[in-house]
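Engineer: The structure that follows is given in the form of structure tokens.
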Amino acid sequence: MDTATLDELRALRARAYGPSADIHQDPAAVRRLHELEAVRKPLGSPGAEPPAAAADVGKPPPQPAPPASPSQAERAWEPEAQSDAVQTSTSTDIFGALESAVVRRGREGRAAGMSPMMRLTWAVSVVAAAALAAAVTYALTWVAPVSVSSGAEQIATLEPVPMVELPPGWFGAGPSSMAFEFYGMTLFETADGFTSSGGSDCFVIVPTEELPAADADTGNWSMSGAVHSGCGVGDFPATIELPVDSNTPEELRSQFPEGSALQFVRDGDRVGVFLDTP
């Protein structure tokens, strides 16, 4: 192939494969290119064009594919939708989805030429939103713990005293009511509470010196000392809290300093006594 023919081949190739390819509009030029290609390098020789390349010469150059539209999952993580997604997700779902979004956005940011500082700023904003959402969820579900025990020391366990006799019906006492004694105070079993209704396993505490005789007329009886009562409800035992002050018997005040507090907890036919000192 002489120089003129080589120049013609180069020109036809430029029209076929160059950036301004227009040979597909010139059928004669396409045929001439095929002829020269066949003469220049027969098919099968080293460096020859593959058949598919020669067959595509007369076709328009391929157009770039349109950018794929974002999927629904990707649109859900656009900045304007992030706040709604964060507010309606649980903390576990929030961090899982945000982790995926951060990774995906980081890749997209690198592909789009975002600077490292811009990618870092975006990631920090996502983490801050997640932390705020988690804090709101925690605040709505967290319950402040309250101790069910004062930690007071148990100082005694009272057993029933058989010799105490009470007028039937006095503060709810019955003929078989159990009674207990503790430093000038008498505790006895009643059908219900003196100051409250409902519950079970109720008992009352009164100063021992205020107890009437077994045959006293309780309809005309009066007393000057303090009366305390308590009843159990469900699994909660009957309890009575009693301050040690001027209204308590002198025998009790001689054992415990004024300002102390006593708690009596009924457990079947026993009563536990707990002390809290100032």
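For the structure tokens, the naming scheme is as follows: chains receive sequential letters (A, B, ...) according to their order of presentation, residues are indexed from 1 within each chain, and ligands are indexed from 1 in presentation order.
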Enumerate the residues of range 175-269 of chain A with a DSSP assignment of helix (DSSP H, G or I), computed from the backbone, and present them as number ranges by chain.
Structural biologist: A: 208-210, 218-220, 250-255
Engineer: For Phe274 in chain A, list every protein, DNA or RNA residue within 10 Å, evaluated using only C-alpha atoms, and leave out those in the same chain fewer than 5 positions away; present the list as a list in words.
Structural biologist: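 Neighbouring residues, sequence-local ones excluded: Ser150, Gly151, Ala152, Glu153, Gln154, Ile155, Ala156, Thr157, Glu241, Ala261, Leu262, Gln263, Phe264 and Val265 of chain A.
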Engineer: Could you turn the residues from that selection into a file that holds N, CA, C and O atoms, as a PDB file, in the first residue's frame?
Structural biologist:
```
ATOM      1  N   SER A 150     -35.229   1.588 102.833  1.00  0.00           N
ATOM      2  CA  SER A 150     -34.498   2.691 103.456  1.00  0.00           C
ATOM      3  C   SER A 150     -33.132   2.253 103.951  1.00  0.00           C
ATOM      4  O   SER A 150     -32.298   3.083 104.308  1.00  0.00           O
ATOM      5  N   GLY A 151     -32.900   0.942 104.012  1.00  0.00           N
ATOM      6  CA  GLY A 151     -31.638   0.453 104.532  1.00  0.00           C
ATOM      7  C   GLY A 151     -31.562   0.506 106.050  1.00  0.00           C
ATOM      8  O   GLY A 151     -30.485   0.341 106.624  1.00  0.00           O
ATOM      9  N   ALA A 152     -32.722   0.739 106.705  1.00  0.00           N
ATOM     10  CA  ALA A 152     -32.740   0.807 108.165  1.00  0.00           C
ATOM     11  C   ALA A 152     -32.433  -0.562 108.771  1.00  0.00           C
ATOM     12  O   ALA A 152     -32.741  -1.610 108.201  1.00  0.00           O
ATOM     13  N   GLU A 153     -31.830  -0.532 109.940  1.00  0.00           N
ATOM     14  CA  GLU A 153     -31.433  -1.764 110.627  1.00  0.00           C
ATOM     15  C   GLU A 153     -32.623  -2.382 111.354  1.00  0.00           C
ATOM     16  O   GLU A 153     -33.413  -1.684 112.003  1.00  0.00           O
ATOM     17  N   GLN A 154     -32.773  -3.703 111.226  1.00  0.00           N
ATOM     18  CA  GLN A 154     -33.809  -4.399 111.991  1.00  0.00           C
ATOM     19  C   GLN A 154     -33.277  -4.643 113.398  1.00  0.00           C
ATOM     20  O   GLN A 154     -32.210  -5.227 113.580  1.00  0.00           O
ATOM     21  N   ILE A 155     -34.038  -4.174 114.377  1.00  0.00           N
ATOM     22  CA  ILE A 155     -33.571  -4.269 115.755  1.00  0.00           C
ATOM     23  C   ILE A 155     -34.338  -5.292 116.581  1.00  0.00           C
ATOM     24  O   ILE A 155     -33.919  -5.634 117.693  1.00  0.00           O
ATOM     25  N   ALA A 156     -35.480  -5.781 116.077  1.00  0.00           N
ATOM     26  CA  ALA A 156     -36.250  -6.740 116.869  1.00  0.00           C
ATOM     27  C   ALA A 156     -37.248  -7.467 115.979  1.00  0.00           C
ATOM     28  O   ALA A 156     -37.616  -6.984 114.906  1.00  0.00           O
ATOM     29  N   THR A 157     -37.666  -8.656 116.474  1.00  0.00           N
ATOM     30  CA  THR A 157     -38.771  -9.407 115.866  1.00  0.00           C
ATOM     31  C   THR A 157     -39.749  -9.725 116.990  1.00  0.00           C
ATOM     32  O   THR A 157     -39.384 -10.402 117.970  1.00  0.00           O
ATOM     33  N   GLU A 241     -45.199   3.366 110.270  1.00  0.00           N
ATOM     34  CA  GLU A 241     -44.044   4.180 110.638  1.00  0.00           C
ATOM     35  C   GLU A 241     -44.434   5.065 111.815  1.00  0.00           C
ATOM     36  O   GLU A 241     -45.499   5.705 111.808  1.00  0.00           O
ATOM     37  N   ALA A 261     -36.958   7.230 114.159  1.00  0.00           N
ATOM     38  CA  ALA A 261     -38.176   6.715 113.541  1.00  0.00           C
ATOM     39  C   ALA A 261     -38.152   5.202 113.613  1.00  0.00           C
ATOM     40  O   ALA A 261     -37.106   4.564 113.430  1.00  0.00           O
ATOM     41  N   LEU A 262     -39.315   4.625 113.897  1.00  0.00           N
ATOM     42  CA  LEU A 262     -39.465   3.172 113.960  1.00  0.00           C
ATOM     43  C   LEU A 262     -40.424   2.720 112.868  1.00  0.00           C
ATOM     44  O   LEU A 262     -41.422   3.399 112.582  1.00  0.00           O
ATOM     45  N   GLN A 263     -40.108   1.590 112.268  1.00  0.00           N
ATOM     46  CA  GLN A 263     -41.006   0.996 111.284  1.00  0.00           C
ATOM     47  C   GLN A 263     -41.347  -0.413 111.733  1.00  0.00           C
ATOM     48  O   GLN A 263     -40.470  -1.208 112.075  1.00  0.00           O
ATOM     49  N   PHE A 264     -42.659  -0.725 111.722  1.00  0.00           N
ATOM     50  CA  PHE A 264     -43.154  -2.040 112.105  1.00  0.00           C
ATOM     51  C   PHE A 264     -43.722  -2.704 110.843  1.00  0.00           C
ATOM     52  O   PHE A 264     -44.606  -2.143 110.185  1.00  0.00           O
ATOM     53  N   VAL A 265     -43.212  -3.879 110.530  1.00  0.00           N
ATOM     54  CA  VAL A 265     -43.620  -4.603 109.320  1.00  0.00           C
ATOM     55  C   VAL A 265     -44.182  -5.947 109.735  1.00  0.00           C
ATOM     56  O   VAL A 265     -43.486  -6.772 110.345  1.00  0.00           O
TER      57      VAL A 265
END
```
Engineer: Write out as an NGL selection string which residues come within 8 Å of range 207-210 of chain A when counting only C-alpha atoms, dropping same-chain ones fewer than 5 positions away.
Structural biologist: :A and (184-186 or 223-227 or 248-249)
Engineer: Excluding Ile205 in chain A and any residue of its chain fewer than 4 positions from it, enumerate the residues within 10 Å of it, using only C-alpha atoms, and give them as an NGL selection string.
Structural biologist: :A and (179-182 or 185-189 or 226-230 or 240 or 242 or 264)
Engineer: May I ask which of the residues A:Val206, A:Cys231, A:Ala21, A:Val143 is the closest one to Thr190 in chain A, counting only C-alpha atoms?
Structural biologist: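 So, comparing all the options, the nearest one is A:Cys231.
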Engineer: Using only C-alpha atoms, which residues sit within 9 Å of Leu12 in chain A once same-chain residues fewer than 6 positions away are excluded, as a PyMOL selection string?
Structural biologist: chain A and resi 23+29-30+32-33
Engineer: Which distance in Å separates CA of Gly172 in chain A and CA of Arg266 in chain A, to one decimal?
Structural biologist: 16.8 Å
Engineer: Show me, as a ChimeraX atom specification, the residues that have an atom within 12 Å of Ser246 in chain A when counting only C-alpha atoms, minus same-chain residues fewer than 3 positions from it.
Structural biologist: /A:225-226,242-243,249-254,257-260
Engineer: Limited to N, CA and C atoms, could you put the picked residues into a file as a PDB file, in the first residue's frame?
Structural biologist:
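Just written: selection-v9.pdb:
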```pdb
ATOM      1  N   GLY A 225     -53.732   9.464 123.567  1.00  0.00           N
ATOM      2  CA  GLY A 225     -52.514   9.122 122.851  1.00  0.00           C
ATOM      3  C   GLY A 225     -52.744   8.972 121.346  1.00  0.00           C
ATOM      4  N   ALA A 226     -51.642   8.873 120.620  1.00  0.00           N
ATOM      5  CA  ALA A 226     -51.710   8.724 119.164  1.00  0.00           C
ATOM      6  C   ALA A 226     -52.035   7.282 118.801  1.00  0.00           C
ATOM      7  N   LEU A 242     -43.549   5.099 112.817  1.00  0.00           N
ATOM      8  CA  LEU A 242     -43.855   5.801 114.058  1.00  0.00           C
ATOM      9  C   LEU A 242     -42.692   6.700 114.447  1.00  0.00           C
ATOM     10  N   PRO A 243     -42.901   8.019 114.586  1.00  0.00           N
ATOM     11  CA  PRO A 243     -41.827   8.897 115.045  1.00  0.00           C
ATOM     12  C   PRO A 243     -41.656   8.819 116.562  1.00  0.00           C
ATOM     13  N   PRO A 249     -44.759   7.031 124.359  1.00  0.00           N
ATOM     14  CA  PRO A 249     -44.551   6.759 125.795  1.00  0.00           C
ATOM     15  C   PRO A 249     -43.116   7.036 126.228  1.00  0.00           C
ATOM     16  N   GLU A 250     -42.955   7.406 127.489  1.00  0.00           N
ATOM     17  CA  GLU A 250     -41.633   7.710 128.026  1.00  0.00           C
ATOM     18  C   GLU A 250     -40.722   6.492 127.950  1.00  0.00           C
ATOM     19  N   GLU A 251     -41.289   5.275 128.126  1.00  0.00           N
ATOM     20  CA  GLU A 251     -40.478   4.053 128.048  1.00  0.00           C
ATOM     21  C   GLU A 251     -39.837   3.915 126.671  1.00  0.00           C
ATOM     22  N   LEU A 252     -40.551   4.299 125.601  1.00  0.00           N
ATOM     23  CA  LEU A 252     -39.994   4.217 124.255  1.00  0.00           C
ATOM     24  C   LEU A 252     -38.921   5.286 124.053  1.00  0.00           C
ATOM     25  N   ARG A 253     -39.181   6.494 124.587  1.00  0.00           N
ATOM     26  CA  ARG A 253     -38.207   7.578 124.421  1.00  0.00           C
ATOM     27  C   ARG A 253     -36.928   7.302 125.184  1.00  0.00           C
ATOM     28  N   SER A 254     -37.011   6.525 126.260  1.00  0.00           N
ATOM     29  CA  SER A 254     -35.798   6.207 127.025  1.00  0.00           C
ATOM     30  C   SER A 254     -34.909   5.208 126.276  1.00  0.00           C
ATOM     31  N   PRO A 257     -33.450   7.749 120.915  1.00  0.00           N
ATOM     32  CA  PRO A 257     -33.372   9.209 121.000  1.00  0.00           C
ATOM     33  C   PRO A 257     -34.549   9.873 120.265  1.00  0.00           C
ATOM     34  N   GLU A 258     -34.957  11.012 120.786  1.00  0.00           N
ATOM     35  CA  GLU A 258     -36.040  11.742 120.136  1.00  0.00           C
ATOM     36  C   GLU A 258     -35.590  12.181 118.731  1.00  0.00           C
ATOM     37  N   GLY A 259     -36.477  12.055 117.787  1.00  0.00           N
ATOM     38  CA  GLY A 259     -36.126  12.324 116.392  1.00  0.00           C
ATOM     39  C   GLY A 259     -35.873  11.056 115.604  1.00  0.00           C
ATOM     40  N   SER A 260     -35.805   9.914 116.326  1.00  0.00           N
ATOM     41  CA  SER A 260     -35.664   8.644 115.633  1.00  0.00           C
ATOM     42  C   SER A 260     -36.996   8.251 115.006  1.00  0.00           C
TER      43      SER A 260
END
```
